[in-house]
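Visitor: Please find model_30.pdb (PDB, C-alpha atoms, pLDDT in the B column) on the next line:
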ATOM      1  CA  MET A  15       0.000   0.000   0.000  1.00 65.00           C
ATOM      2  CA  PRO A  16       1.858   3.128  -1.143  1.00 72.00           C
ATOM      3  CA  VAL A  17       1.770   6.000   1.347  1.00 72.00           C
ATOM      4  CA  ARG A  18       3.357   9.428   1.008  1.00 84.00           C
ATOM      5  CA  GLY A  19       3.782  12.014   3.701  1.00 92.00           C
ATOM      6  CA  VAL A  20       4.558  11.808   7.387  1.00 91.00           C
ATOM      7  CA  ASP A  21       0.947  12.366   8.458  1.00 90.00           C
ATOM      8  CA  LYS A  22      -0.314   9.496   6.296  1.00 90.00           C
ATOM      9  CA  VAL A  23       2.438   7.194   7.546  1.00 91.00           C
ATOM     10  CA  ARG A  24       1.532   8.007  11.148  1.00 93.00           C
ATOM     11  CA  GLY A  25      -2.113   7.322  10.376  1.00 93.00           C
ATOM     12  CA  MET A  26      -1.324   3.943   8.847  1.00 92.00           C
ATOM     13  CA  VAL A  27       0.917   3.002  11.768  1.00 94.00           C
ATOM     14  CA  GLY A  28      -1.871   3.995  14.147  1.00 96.00           C
ATOM     15  CA  LEU A  29      -4.320   1.712  12.351  1.00 95.00           C
ATOM     16  CA  PHE A  30      -1.891  -1.211  12.468  1.00 96.00           C
ATOM     17  CA  VAL A  31      -1.262  -0.628  16.187  1.00 96.00           C
ATOM     18  CA  LEU A  32      -4.999  -0.530  16.887  1.00 96.00           C
ATOM     19  CA  ALA A  33      -5.584  -3.741  14.934  1.00 95.00           C
ATOM     20  CA  ARG A  34      -2.731  -5.463  16.780  1.00 95.00           C
ATOM     21  CA  LYS A  35      -4.084  -4.425  20.174  1.00 92.00           C
ATOM     22  CA  LEU A  36      -7.575  -5.646  19.311  1.00 90.00           C
ATOM     23  CA  MET A  37      -6.184  -9.015  18.207  1.00 90.00           C
ATOM     24  CA  ARG A  38      -4.240  -9.311  21.484  1.00 90.00           C
ATOM     25  CA  ILE A  39      -7.375  -8.540  23.520  1.00 86.00           C
ATOM     26  CA  VAL A  40      -9.313 -11.224  21.661  1.00 86.00           C
ATOM     27  CA  THR A  41      -6.491 -13.719  22.216  1.00 87.00           C
ATOM     28  CA  LEU A  42      -5.728 -12.980  25.868  1.00 87.00           C
ATOM     29  CA  ALA A  43      -9.113 -12.004  27.309  1.00 84.00           C
ATOM     30  CA  PRO A  44     -12.043 -12.892  25.019  1.00 82.00           C
ATOM     31  CA  GLN A  45     -14.482 -12.595  27.933  1.00 81.00           C
ATOM     32  CA  LEU A  46     -13.911  -8.826  27.953  1.00 78.00           C
ATOM     33  CA  ILE A  47     -15.713  -8.505  24.623  1.00 76.00           C
ATOM     34  CA  GLY A  48     -18.211 -11.302  25.210  1.00 78.00           C
ATOM     35  CA  TRP A  49     -16.443 -14.072  23.277  1.00 73.00           C
ATOM     36  CA  GLY A  50     -15.517 -17.376  24.829  1.00 66.00           C
ATOM     37  CA  SER A  51     -16.989 -19.788  27.321  1.00 58.00           C
ATOM     38  CA  ARG A  52     -16.828 -17.484  30.360  1.00 52.00           C
ATOM     39  CA  SER A  53     -18.930 -14.700  28.916  1.00 46.00           C
ATOM     40  CA  PRO A  54     -20.916 -12.648  31.432  1.00 52.00           C
ATOM     41  CA  ILE A  55     -23.864 -12.802  29.036  1.00 54.00           C
ATOM     42  CA  SER A  56     -24.134 -16.599  29.387  1.00 54.00           C
ATOM     43  CA  GLY A  57     -24.592 -16.337  33.156  1.00 54.00           C
ATOM     44  CA  ALA A  58     -21.178 -17.715  34.101  1.00 54.00           C
ATOM     45  CA  PRO A  59     -19.838 -16.306  37.364  1.00 54.00           C
ATOM     46  CA  ALA A  60     -17.260 -13.555  36.956  1.00 55.00           C
ATOM     47  CA  LEU A  61     -13.844 -13.934  38.543  1.00 52.00           C
TER      48      LEU A  61
END
Kindly present the structure from the file in structure tokens form.

Guide:
Amino acid sequence: MPVRGVDKVRGMVGLFVLARKLMRIVTLAPQLIGWGSRSPISGAPAL
């Protein structure tokens, strides 16, 4: 993806950082977003 300019590069880096953090949250703590077997929506007790 060709990008020119410092502002555009910073914007792209910001998007990649956000995507990486969201993937880490899903991997490490899926219950925080309601995915997984210990979801608060399913009635499982919270730790």

Visitor: By how many Å are atom CA of A:Gly48 and atom CA of A:Leu36 apart?

Guide: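 Those two atoms sit 13.4 Å apart.
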
Visitor: Atom CA of A:Pro16 and atom CA of A:Leu29, how far apart in Å?

Guide: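 These two atoms are separated by 14.9 Å.
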
Visitor: In Å, rounded to a single decimal, give me how far atom CA of A:Ile47 is from atom CA of A:Val23.

Guide: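 About the pair atom CA of A:Val23 and atom CA of A:Ile47: they are 29.5 Å apart.
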
Visitor: Output as a PDB file, in the frame of the given file: stretch 23-34 of chain A, completed with all heavy atoms.

Guide:
ATOM      1  N   VAL A  23       1.696   8.319   6.965  1.00 91.00           N
ATOM      2  CA  VAL A  23       2.438   7.194   7.546  1.00 91.00           C
ATOM      3  C   VAL A  23       2.041   7.008   9.002  1.00 91.00           C
ATOM      4  O   VAL A  23       1.798   5.883   9.455  1.00 91.00           O
ATOM      5  CB  VAL A  23       3.965   7.411   7.418  1.00 91.00           C
ATOM      6  CG1 VAL A  23       4.730   6.387   8.227  1.00 91.00           C
ATOM      7  CG2 VAL A  23       4.386   7.357   5.960  1.00 91.00           C
ATOM      8  N   ARG A  24       1.950   8.100   9.745  1.00 93.00           N
ATOM      9  CA  ARG A  24       1.532   8.007  11.148  1.00 93.00           C
ATOM     10  C   ARG A  24       0.117   7.456  11.271  1.00 93.00           C
ATOM     11  O   ARG A  24      -0.191   6.684  12.179  1.00 93.00           O
ATOM     12  CB  ARG A  24       1.619   9.368  11.811  1.00 93.00           C
ATOM     13  CG  ARG A  24       3.028   9.790  12.087  1.00 93.00           C
ATOM     14  CD  ARG A  24       3.083  11.107  12.807  1.00 93.00           C
ATOM     15  NE  ARG A  24       4.468  11.505  13.024  1.00 93.00           N
ATOM     16  CZ  ARG A  24       4.837  12.715  13.324  1.00 93.00           C
ATOM     17  NH1 ARG A  24       3.943  13.682  13.456  1.00 93.00           N
ATOM     18  NH2 ARG A  24       6.107  12.995  13.516  1.00 93.00           N
ATOM     19  N   GLY A  25      -0.747   7.846  10.367  1.00 93.00           N
ATOM     20  CA  GLY A  25      -2.113   7.322  10.376  1.00 93.00           C
ATOM     21  C   GLY A  25      -2.156   5.828  10.115  1.00 93.00           C
ATOM     22  O   GLY A  25      -2.886   5.090  10.783  1.00 93.00           O
ATOM     23  N   MET A  26      -1.366   5.380   9.155  1.00 92.00           N
ATOM     24  CA  MET A  26      -1.324   3.943   8.847  1.00 92.00           C
ATOM     25  C   MET A  26      -0.742   3.154  10.011  1.00 92.00           C
ATOM     26  O   MET A  26      -1.246   2.090  10.363  1.00 92.00           O
ATOM     27  CB  MET A  26      -0.512   3.688   7.581  1.00 92.00           C
ATOM     28  CG  MET A  26      -1.162   4.200   6.316  1.00 92.00           C
ATOM     29  SD  MET A  26      -2.806   3.509   6.017  1.00 92.00           S
ATOM     30  CE  MET A  26      -2.412   1.792   5.811  1.00 92.00           C
ATOM     31  N   VAL A  27       0.318   3.674  10.611  1.00 94.00           N
ATOM     32  CA  VAL A  27       0.917   3.002  11.768  1.00 94.00           C
ATOM     33  C   VAL A  27      -0.095   2.934  12.903  1.00 94.00           C
ATOM     34  O   VAL A  27      -0.221   1.909  13.580  1.00 94.00           O
ATOM     35  CB  VAL A  27       2.217   3.719  12.204  1.00 94.00           C
ATOM     36  CG1 VAL A  27       2.692   3.198  13.550  1.00 94.00           C
ATOM     37  CG2 VAL A  27       3.293   3.534  11.147  1.00 94.00           C
ATOM     38  N   GLY A  28      -0.841   4.000  13.112  1.00 96.00           N
ATOM     39  CA  GLY A  28      -1.871   3.995  14.147  1.00 96.00           C
ATOM     40  C   GLY A  28      -2.925   2.933  13.911  1.00 96.00           C
ATOM     41  O   GLY A  28      -3.361   2.258  14.844  1.00 96.00           O
ATOM     42  N   LEU A  29      -3.335   2.750  12.662  1.00 95.00           N
ATOM     43  CA  LEU A  29      -4.320   1.712  12.351  1.00 95.00           C
ATOM     44  C   LEU A  29      -3.766   0.313  12.605  1.00 95.00           C
ATOM     45  O   LEU A  29      -4.460  -0.557  13.123  1.00 95.00           O
ATOM     46  CB  LEU A  29      -4.779   1.842  10.898  1.00 95.00           C
ATOM     47  CG  LEU A  29      -5.661   3.050  10.595  1.00 95.00           C
ATOM     48  CD1 LEU A  29      -5.925   3.137   9.097  1.00 95.00           C
ATOM     49  CD2 LEU A  29      -6.959   2.973  11.367  1.00 95.00           C
ATOM     50  N   PHE A  30      -2.509   0.093  12.234  1.00 96.00           N
ATOM     51  CA  PHE A  30      -1.891  -1.211  12.468  1.00 96.00           C
ATOM     52  C   PHE A  30      -1.746  -1.488  13.965  1.00 96.00           C
ATOM     53  O   PHE A  30      -1.976  -2.608  14.424  1.00 96.00           O
ATOM     54  CB  PHE A  30      -0.531  -1.308  11.779  1.00 96.00           C
ATOM     55  CG  PHE A  30      -0.632  -1.608  10.316  1.00 96.00           C
ATOM     56  CD1 PHE A  30      -0.372  -0.629   9.369  1.00 96.00           C
ATOM     57  CD2 PHE A  30      -0.990  -2.870   9.869  1.00 96.00           C
ATOM     58  CE1 PHE A  30      -0.476  -0.898   8.020  1.00 96.00           C
ATOM     59  CE2 PHE A  30      -1.104  -3.149   8.524  1.00 96.00           C
ATOM     60  CZ  PHE A  30      -0.840  -2.164   7.593  1.00 96.00           C
ATOM     61  N   VAL A  31      -1.389  -0.461  14.736  1.00 96.00           N
ATOM     62  CA  VAL A  31      -1.262  -0.628  16.187  1.00 96.00           C
ATOM     63  C   VAL A  31      -2.615  -0.956  16.797  1.00 96.00           C
ATOM     64  O   VAL A  31      -2.731  -1.845  17.647  1.00 96.00           O
ATOM     65  CB  VAL A  31      -0.653   0.640  16.821  1.00 96.00           C
ATOM     66  CG1 VAL A  31      -0.780   0.621  18.332  1.00 96.00           C
ATOM     67  CG2 VAL A  31       0.799   0.788  16.406  1.00 96.00           C
ATOM     68  N   LEU A  32      -3.663  -0.262  16.380  1.00 96.00           N
ATOM     69  CA  LEU A  32      -4.999  -0.530  16.887  1.00 96.00           C
ATOM     70  C   LEU A  32      -5.445  -1.955  16.563  1.00 96.00           C
ATOM     71  O   LEU A  32      -5.969  -2.669  17.421  1.00 96.00           O
ATOM     72  CB  LEU A  32      -5.990   0.479  16.305  1.00 96.00           C
ATOM     73  CG  LEU A  32      -7.440   0.315  16.715  1.00 96.00           C
ATOM     74  CD1 LEU A  32      -7.589   0.495  18.217  1.00 96.00           C
ATOM     75  CD2 LEU A  32      -8.311   1.295  15.970  1.00 96.00           C
ATOM     76  N   ALA A  33      -5.210  -2.385  15.329  1.00 95.00           N
ATOM     77  CA  ALA A  33      -5.584  -3.741  14.934  1.00 95.00           C
ATOM     78  C   ALA A  33      -4.823  -4.780  15.754  1.00 95.00           C
ATOM     79  O   ALA A  33      -5.390  -5.779  16.199  1.00 95.00           O
ATOM     80  CB  ALA A  33      -5.315  -3.946  13.443  1.00 95.00           C
ATOM     81  N   ARG A  34      -3.549  -4.533  15.993  1.00 95.00           N
ATOM     82  CA  ARG A  34      -2.731  -5.463  16.780  1.00 95.00           C
ATOM     83  C   ARG A  34      -3.249  -5.565  18.213  1.00 95.00           C
ATOM     84  O   ARG A  34      -3.358  -6.650  18.774  1.00 95.00           O
ATOM     85  CB  ARG A  34      -1.280  -4.975  16.759  1.00 95.00           C
ATOM     86  CG  ARG A  34      -0.354  -5.674  17.698  1.00 95.00           C
ATOM     87  CD  ARG A  34       0.023  -7.028  17.202  1.00 95.00           C
ATOM     88  NE  ARG A  34       1.022  -7.582  18.103  1.00 95.00           N
ATOM     89  CZ  ARG A  34       1.219  -8.858  18.250  1.00 95.00           C
ATOM     90  NH1 ARG A  34       0.556  -9.717  17.524  1.00 95.00           N
ATOM     91  NH2 ARG A  34       2.113  -9.302  19.084  1.00 95.00           N
TER      92      ARG A  34
END
